[in-house]
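Structure record follows, encoded as structure tokens.
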Amino acid sequence: MNFSLSIEYAIHGLVYLASAGADSARPGSTTLVGDIAKATRVPESYLRKVLQLLARAGLVASHRGVRGGFSLARPAAAITLKDVVEAIDGGLPAYTCAKAARGCSLDEACPVSAAFAAAREKMAEVLDATTIRDLAQGIARRSGSWLKVTECA
């Protein structure tokens, strides 16, 4: 099960905003999309589209004008990875049974489907318990430089 590249870029952008102090606790603090793109090594046009999706979901705020840019719309501790996945992809990846194509005769709950449903539930729990602040703090403890985060994953 893979998450989209857009989710990866969204997470890096949000962590950068949290690390740069561009959050809802600091009114007027914004970061230009070009600065985020350069620091995270993400194509600016792609990142702009991802940030627009995050803005529609209420995770970031978009600011126009001379002091324009992006900031977190909520504190980093209130933005979970589950929020990010839902904002970008609309929901968590789901298992789709191919029983019709295989001619499966199980009418009751399939053990394979049940196992994947349990896995999806656990994944949702982990994503919901992991915040952008958690990631930003983990990266800060690991490295003094933001750019080193782009060398992992």
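In the structure tokens, chains take letters A, B, ... by order of appearance, with residues numbered from 1 within each chain and ligands from 1 in the order shown.
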
Stretch 37-102 of chain A: residues DSSP assigns to alpha helix (DSSP H), reported as a ChimeraX atom specification: /A:37-40,44-56,81-89,99-102

Would you export the selected residues with C-alpha atoms as a compact mmCIF listing (two decimals), in the first residue's frame, please?
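Saved to out_26.txt:
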# COMPACT_ATOMS: atom_id res chain seq x y z
CA ALA A 37 9.98 24.48 -2.26
CA LYS A 38 13.67 25.34 -2.23
CA ALA A 39 14.22 24.09 1.33
CA THR A 40 12.31 20.85 0.79
CA GLU A 44 7.36 24.87 -6.71
CA SER A 45 4.39 24.46 -9.06
CA TYR A 46 3.60 21.03 -7.61
CA LEU A 47 3.98 22.27 -4.03
CA ARG A 48 1.68 25.24 -4.75
CA LYS A 49 -1.10 22.83 -5.80
CA VAL A 50 -0.54 20.66 -2.74
CA LEU A 51 -0.66 23.70 -0.44
CA GLN A 52 -3.91 24.81 -2.09
CA LEU A 53 -5.45 21.42 -1.23
CA LEU A 54 -4.23 21.82 2.34
CA ALA A 55 -5.74 25.32 2.43
CA ARG A 56 -9.13 24.01 1.27
CA LEU A 81 -1.00 12.76 9.45
CA LYS A 82 -4.55 11.44 9.06
CA ASP A 83 -5.69 15.03 8.41
CA VAL A 84 -3.04 15.32 5.70
CA VAL A 85 -3.95 12.05 4.00
CA GLU A 86 -7.63 12.96 4.01
CA ALA A 87 -6.92 16.46 2.67
CA ILE A 88 -4.77 15.21 -0.19
CA ASP A 89 -6.24 11.83 -1.14
CA LYS A 99 -14.40 -11.87 -5.16
CA ALA A 100 -16.68 -11.15 -8.12
CA ALA A 101 -13.78 -11.47 -10.57
CA ARG A 102 -12.60 -14.68 -8.92

Within 9 Å of A:Ser19 using only C-alpha atoms, minus same-chain residues under 4 positions, as a PDB file with C-alpha atoms, in the first residue's frame:
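Contents of the output file out_0.pdb:
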ATOM      1  CA  LEU A  14       3.800  21.344   6.787  1.00  0.00           C
ATOM      2  CA  VAL A  15       6.855  20.318   8.790  1.00  0.00           C
ATOM      3  CA  ARG A 133       4.657  18.922  15.693  1.00  0.00           C
ATOM      4  CA  ALA A 136       9.082  18.610  13.369  1.00  0.00           C
ATOM      5  CA  GLN A 137      10.446  17.917  16.856  1.00  0.00           C
ATOM      6  CA  ALA A 140      14.945  18.977  14.989  1.00  0.00           C
ATOM      7  CA  TRP A 146      16.148  21.314   7.816  1.00  0.00           C
TER       8      TRP A 146
END

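For the pair atom CA of A:Asp35 and atom CA of A:Thr130, the interatomic distance is 25.3 Å.
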
Within 8 Å of A:Arg120 using only C-alpha atoms, minus same-chain residues under 6 positions, as a PyMOL selection string: chain A and resi 92-94
